[in-house]
Structure formats: C-alpha cells, structure tokens
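Here is the file model-v6.txt (compact mmCIF, C-alpha atoms).
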# COMPACT_ATOMS: atom_id res chain seq x y z
CA MET B 7 -11.72 -25.72 -9.77
CA VAL B 8 -12.76 -29.33 -9.09
CA ASN B 9 -15.92 -28.73 -11.12
CA SER B 10 -13.82 -27.43 -14.01
CA LEU B 11 -11.66 -30.56 -13.93
CA THR B 12 -14.61 -32.97 -13.87
CA SER B 13 -17.39 -31.15 -15.72
CA GLY B 14 -18.59 -32.46 -19.07
CA ARG B 15 -17.06 -35.56 -20.57
CA LYS B 16 -13.39 -36.02 -19.88
CA HIS B 17 -10.77 -38.73 -20.13
CA VAL B 18 -8.41 -38.53 -17.17
CA LEU B 19 -4.99 -40.14 -16.98
CA LEU B 20 -3.87 -40.81 -13.41
CA VAL B 21 -0.16 -41.49 -12.92
CA LEU B 22 0.89 -43.04 -9.61
CA GLN B 23 4.47 -42.02 -8.93
CA ASN B 24 6.43 -44.17 -6.50
CA ASN B 25 8.51 -41.63 -4.60
CA ASN B 26 10.76 -44.41 -3.27
CA GLU B 27 12.14 -44.59 -6.84
CA LEU B 28 13.12 -41.03 -7.59
CA ARG B 29 12.30 -39.36 -10.88
CA ALA B 30 12.25 -35.73 -11.93
CA THR B 31 8.54 -35.12 -11.24
CA GLY B 32 8.31 -37.12 -8.01
CA GLY B 33 8.79 -40.82 -8.59
CA PHE B 34 8.76 -43.80 -10.94
CA ALA B 35 5.45 -44.06 -12.79
CA GLY B 36 4.85 -47.76 -12.20
CA THR B 37 1.04 -47.63 -12.09
CA TYR B 38 -1.55 -45.77 -14.12
CA GLY B 39 -5.28 -45.21 -13.96
CA ALA B 40 -7.57 -44.27 -16.84
CA PHE B 41 -10.98 -42.78 -16.06
CA ASP B 42 -13.88 -41.66 -18.22
CA ILE B 43 -15.83 -38.98 -16.37
CA ASP B 44 -19.26 -37.62 -17.25
CA ASN B 45 -20.10 -34.50 -15.22
CA GLY B 46 -18.27 -35.72 -12.15
CA THR B 47 -19.39 -39.35 -12.37
CA ILE B 48 -16.82 -42.02 -13.20
CA THR B 49 -18.33 -44.14 -15.97
CA LYS B 50 -15.29 -46.30 -16.70
CA GLN B 51 -12.06 -46.95 -14.85
CA VAL B 52 -8.90 -48.99 -15.24
CA VAL B 53 -6.00 -49.19 -12.79
CA SER B 54 -3.09 -51.31 -13.94
CA SER B 55 0.65 -51.66 -14.33
CA ILE B 56 2.32 -49.15 -16.60
CA TYR B 57 4.02 -52.10 -18.30
CA ASP B 58 0.64 -53.23 -19.65
CA LEU B 59 0.51 -50.03 -21.66
CA ASP B 60 4.17 -49.99 -22.60
CA GLY B 61 3.77 -53.43 -24.12
CA GLN B 62 1.46 -51.84 -26.71
CA LEU B 63 4.04 -49.41 -28.06
CA ALA B 64 4.90 -50.33 -31.63
CA GLU B 65 7.26 -47.50 -32.46
CA THR B 66 10.83 -47.39 -31.16
CA TYR B 67 11.94 -44.18 -29.48
CA VAL B 68 15.46 -43.43 -28.34
CA PRO B 69 15.47 -42.10 -24.76
CA PRO B 70 17.45 -39.11 -23.46
CA LEU B 71 21.15 -39.95 -23.41
CA PRO B 72 21.53 -40.51 -19.62
CA LEU B 73 18.56 -42.92 -19.68
CA PHE B 74 19.97 -44.75 -22.68
CA ALA B 75 22.63 -46.24 -20.41
CA VAL B 76 19.98 -48.38 -18.67
CA ASN B 77 17.31 -48.71 -21.36
CA ASN B 78 17.77 -48.26 -25.10
CA ARG B 79 14.04 -47.69 -25.68
CA TRP B 80 11.83 -44.92 -24.32
CA TYR B 81 8.38 -45.74 -22.90
CA LEU B 82 5.60 -44.06 -20.95
CA ARG B 83 7.09 -45.31 -17.67
CA ASP B 84 10.13 -43.07 -18.23
CA ALA B 85 8.32 -40.16 -19.86
CA ASN B 86 8.35 -38.05 -16.69
CA TRP B 87 12.00 -37.35 -17.37
CA PHE B 88 11.74 -33.55 -17.32
CA ALA B 89 11.70 -31.54 -14.09
CA ASP B 90 9.17 -29.15 -15.65
CA PHE B 91 5.94 -31.07 -15.03
CA SER B 92 4.16 -29.59 -18.05
CA GLU B 93 7.01 -30.75 -20.28
CA SER B 94 6.91 -34.24 -18.77
CA ASP B 95 3.14 -34.23 -19.23
CA GLU B 96 3.44 -33.51 -22.93
CA SER B 97 5.85 -36.43 -23.16
CA MET B 98 3.52 -38.72 -21.17
CA ILE B 99 0.51 -37.74 -23.26
CA GLY B 100 2.42 -38.47 -26.46
CA PHE B 101 3.28 -41.99 -25.30
CA TYR B 102 -0.21 -42.57 -23.87
CA GLU B 103 -1.84 -41.63 -27.17
CA GLN B 104 0.24 -44.24 -28.98
CA GLU B 105 -0.16 -46.95 -26.34
CA ALA B 106 -3.79 -46.46 -25.26
CA HIS B 107 -5.05 -44.75 -28.44
CA GLN B 108 -6.78 -42.05 -26.41
CA THR B 109 -5.96 -38.45 -25.57
CA PRO B 110 -6.39 -37.44 -21.93
CA ASP B 111 -8.08 -34.14 -21.17
CA VAL B 112 -6.55 -34.06 -17.70
CA VAL B 113 -3.41 -35.66 -16.27
CA ILE B 114 -3.09 -36.12 -12.52
CA ALA B 115 0.14 -37.34 -10.96
CA ILE B 116 0.06 -38.46 -7.33
CA THR B 117 2.44 -40.11 -4.89
CA PRO B 118 1.50 -42.59 -2.11
CA GLU B 119 1.70 -39.74 0.40
CA LEU B 120 -1.77 -38.61 -0.70
CA ALA B 121 -3.27 -41.96 0.30
CA VAL B 122 -1.37 -41.82 3.59
CA ASN B 123 -2.79 -38.37 4.35
CA LEU B 124 -6.33 -39.52 3.57
CA LEU B 125 -5.97 -42.73 5.58
CA LYS B 126 -5.10 -40.59 8.59
CA LEU B 127 -8.64 -39.20 8.25
CA THR B 128 -10.58 -42.34 7.31
CA GLY B 129 -8.81 -44.77 9.60
CA PRO B 130 -7.82 -48.34 8.58
CA ILE B 131 -9.40 -50.00 5.56
CA ALA B 132 -9.78 -53.78 5.52
CA MET B 133 -8.88 -55.33 2.16
CA SER B 134 -11.16 -58.29 1.63
CA GLY B 135 -9.38 -61.09 -0.18
CA TYR B 136 -5.92 -59.85 0.73
CA ASN B 137 -5.96 -60.78 4.41
CA THR B 138 -4.65 -57.36 5.37
CA VAL B 139 -5.73 -53.98 6.70
CA LEU B 140 -4.25 -50.83 5.23
CA ASP B 141 -3.63 -47.79 7.38
CA ALA B 142 -1.51 -44.65 7.30
CA ASP B 143 1.42 -46.42 8.91
CA ASN B 144 1.66 -49.50 6.68
CA PHE B 145 0.15 -48.39 3.36
CA ILE B 146 3.37 -47.72 1.48
CA GLU B 147 5.22 -50.81 2.69
CA VAL B 148 2.32 -53.24 2.25
CA THR B 149 1.25 -52.04 -1.19
CA GLN B 150 4.85 -52.04 -2.40
CA VAL B 151 5.23 -55.71 -1.44
CA GLU B 152 1.78 -56.79 -2.61
CA THR B 153 2.09 -55.16 -6.03
CA SER B 154 5.64 -56.26 -6.76
CA VAL B 155 6.17 -59.56 -4.93
CA HIS B 156 3.08 -61.26 -3.50
CA TYR B 157 0.59 -60.85 -6.33
CA ASP B 158 -0.90 -63.86 -8.12
CA LYS B 159 1.68 -64.59 -10.81
CA GLN B 160 -0.76 -66.75 -12.78
CA GLU B 161 -3.39 -64.01 -12.85
CA ASN B 162 -0.58 -61.51 -13.55
CA LYS B 163 -2.35 -58.40 -12.32
CA PRO B 164 0.22 -56.92 -9.93
CA LYS B 165 -1.66 -53.65 -9.43
CA LYS B 166 -5.00 -55.29 -8.62
CA MET B 167 -4.74 -54.40 -4.94
CA LEU B 168 -4.43 -50.70 -5.78
CA ALA B 169 -7.37 -50.99 -8.18
CA ASP B 170 -9.46 -52.52 -5.40
CA PHE B 171 -8.24 -50.05 -2.79
CA LEU B 172 -8.94 -46.82 -4.66
CA PRO B 173 -12.78 -46.99 -4.70
CA LEU B 174 -12.80 -48.10 -1.05
CA LEU B 175 -10.70 -45.10 -0.06
CA LEU B 176 -12.86 -42.69 -2.03
CA GLN B 177 -16.01 -44.16 -0.52
CA ARG B 178 -14.64 -43.75 3.00
CA VAL B 179 -13.62 -40.16 2.28
CA PHE B 180 -17.04 -39.29 0.82
CA ASN B 181 -18.79 -40.90 3.81
CA LEU B 182 -16.95 -38.79 6.36
CA PRO B 183 -19.27 -36.46 8.32
CA PRO B 184 -19.69 -33.02 6.69
CA LYS B 185 -18.00 -31.39 9.69
CA ARG B 186 -14.76 -33.16 8.67
CA LEU B 187 -14.76 -31.73 5.15
CA PRO B 188 -12.22 -29.03 6.13
CA GLU B 189 -9.82 -31.84 7.16
CA VAL B 190 -10.17 -33.48 3.75
CA ILE B 191 -9.64 -30.18 1.97
CA GLY B 192 -6.62 -29.52 4.18
CA ALA B 193 -5.10 -32.92 3.37
CA VAL B 194 -5.55 -32.35 -0.36
CA GLN B 195 -4.18 -28.82 -0.15
CA GLN B 196 -1.14 -30.08 1.74
CA SER B 197 -0.52 -32.68 -0.97
CA LEU B 198 -0.74 -29.96 -3.62
CA VAL B 199 1.78 -27.82 -1.75
CA THR B 200 4.23 -30.72 -1.37
CA ARG B 201 3.75 -31.76 -5.04
CA ASP B 202 2.25 -35.10 -4.03
CA ILE B 203 -0.53 -34.02 -6.39
CA GLN B 204 0.31 -32.36 -9.71
CA LEU B 205 -2.19 -31.45 -12.41
CA TYR B 206 -2.15 -30.74 -16.11
CA ALA B 207 -5.06 -29.85 -18.40
CA ARG B 208 -5.13 -29.72 -22.19
CA ASP B 209 -7.58 -26.81 -21.96
CA GLU B 210 -5.33 -23.73 -22.02
CA VAL B 211 -7.57 -21.60 -19.81
CA LEU B 212 -7.84 -24.34 -17.19
CA GLN B 213 -4.09 -24.97 -17.38
CA GLN B 214 -3.37 -21.29 -16.77
CA ARG B 215 -5.63 -21.42 -13.73
CA LEU B 216 -3.78 -24.48 -12.39
CA GLU B 217 -0.47 -22.71 -12.89
CA SER B 218 -1.69 -19.57 -11.11
CA LEU B 219 -2.68 -21.71 -8.11
CA GLY B 220 0.70 -23.45 -8.08
CA TRP B 221 -0.89 -26.85 -8.74
CA ALA B 222 0.79 -27.55 -12.08
CA GLY B 223 4.11 -28.79 -10.79

Starting from the file, lay out its structure as structure tokens.
Amino acid sequence: MVNSLTSGRKHVLLVLQNNNELRATGGFAGTYGAFDIDNGTITKQVVSSIYDLDGQLAETYVPPLPLFAVNNRWYLRDANWFADFSESDESMIGFYEQEAHQTPDVVIAITPELAVNLLKLTGPIAMSGYNTVLDADNFIEVTQVETSVHYDKQENKPKKMLADFLPLLLQRVFNLPPKRLPEVIGAVQQSLVTRDIQLYARDEVLQQRLESLGWAG
C-alpha cells in the first residue's frame, strides 16, 4: 500500500490537524505540507502556515451557514467541515487547486498524536537553533507555543519549527534498527485506527483500497 501511495510521480498534500481545536475530521488545519514525490523520493517539500495559502485565494466563497457566524468567507483552513473525510477532502482539494495552482494526487491528514507515538520510539530530538528538545511528553505543548507565540515575527514563518522537525523525525525513524520495524508499523497502524492518520487518493482503485482497509476516514 505504501508503494502504491508513493510510486511514480505524485504531488502530496499533507494537512496537519490540531486536535486541540476540534473540527469534523479531527482538528483545525493550521499547517500544511506540499511534497513532490518521485518513486518514493521526496524531490521538493514545503511546510508552512495554512494562512500563507489562504492569502492567495482570489475568489470569494460563502461558508456553510454555521461557519458564517464567525467568518463570512470560506478558505482551505475551514474546508474540513464535513464529517465524511472524503467529502472534506474534495472540498480541501478544490481550495488547494485555486490557492496553490496544483492538484494533489494524495491527501494525508495527521494530528500531533502521530508525532508523539513516533517520538516514543525515537526518543528526544534536539532542535538546533530553538534551544529546546522535543520528546513525546512535551511535543504538543512546545510546538503549539513555538508556532503561535514565540516565532520570529520579523521573519514571519510561524511553522518553521515544524518544517525543521519533520525531516529530523523521519531520519530518526528510518535509522532505527531493523528489529524495531514492527514497533514503527504498530505505531502507524494505531494512528490509522484512531484516525490520527487519514488518507485520500484521487486514483479510484487506490481510494477503494484505502476505504476497504478503513484508512480513509
């Protein structure tokens, strides 16, 4: 299944849902990642604030009526309005196409719980330049503060810490001894069961496979 998701050339939209701010599919989509993948190798990546994309939306869309009470325009950050993940995905893709001018082949939505589960396996990760160490116990609290309060306001890249953290985490996971691979698979499977990972593919055959596995939200 992983090979099917990453084989060939694909554009992947990663949506980081903050489950401390509840939304229908798992949390507020405050951060996004965009990845170009060529047969499993990431050739280009961006991790940034969802507001950077929403600032590119030229058209005006009226949100669902309950949302209209707090925001009279609809953006990607509120596109995961529908409890049916595939329906929210279609909404997110529509906004992403207009804001980023690309069509994702795969959409992956994750919550911070996935990083917590993986940090339990990798152990603490020192963040050079941030004077902090991230571990399973402090990850959610520290990243929440760093990306919303303590970031460099002049540089104005609030999600930079997450962008720097992601490759470090992946590197640590990939460098774990082979005998610990079942633990990694178990952590990912647990996140799929708890909907801390949800997947959507434009390819109908692949999407049907995701649905049959219960991974499609």

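Residues in contact with Gly61 in chain B at up to 12 Å, not including ones fewer than 5 positions away on its chain and judged by only C-alpha atoms, are Ser55, Ile56, Thr66, Arg79, Trp80, Tyr81, Leu82, Arg83, Phe101, Tyr102, Gln104, Glu105 and Ala106 of chain B.
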
Could you give me, as a Markdown table, every range 72-123 of chain B residue with an atom at most 7 Å from range 28-43 of chain B, plus its closest atom pair and distance in Å to one decimal, counting all atoms listed in the file, rows ordered by chain then number?
| residue | atom | partner | partner_atom | distance |
| --- | --- | --- | --- | --- |
| B:Arg83 | CA | B:Ala35 | CA | 5.3 |
| B:Asn86 | CA | B:Thr31 | CA | 6.2 |
| B:Trp87 | CA | B:Ala30 | CA | 5.7 |
| B:Phe88 | CA | B:Ala30 | CA | 5.8 |
| B:Ala89 | CA | B:Ala30 | CA | 4.7 |
| B:Phe91 | CA | B:Thr31 | CA | 6.1 |

Neighbour list for range 142-150 of chain B as a count of residues only, cut-off 12 Å, all atoms listed in the file, skip fewer than 6 positions in-chain: 37

Pairwise distance for CA of Lys159 in chain B and CA of Leu19 in chain B, rounded to one decimal in Å: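 It comes out at 26.1 Å.
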
From B:Pro173, B:Pro72, B:Gly14, B:Gly192, residue lying nearest Asp44 in chain B [all atoms listed in the file]: B:Gly14

Residue nearest Val211 in chain B among B:Thr47, B:Gln108, B:Ser10, B:Asn162 (counting only C-alpha atoms): B:Ser10

Box time for range 163-173 of chain B: axis-aligned, enclosing all its listed atoms, 6 Å extra on each side; report centre and edge lengths in Å to one decimal, as lines of an AutoDock Vina configuration file.
center_x = -6.3
center_y = -52.6
center_z = -7.6
size_x = 25.0
size_y = 23.6
size_z = 21.5

Pick from B:Gly100, B:Ala193, B:Ile203, B:Arg186, whichever lies nearest to Glu65 in chain B using all atoms listed in the file: B:Gly100
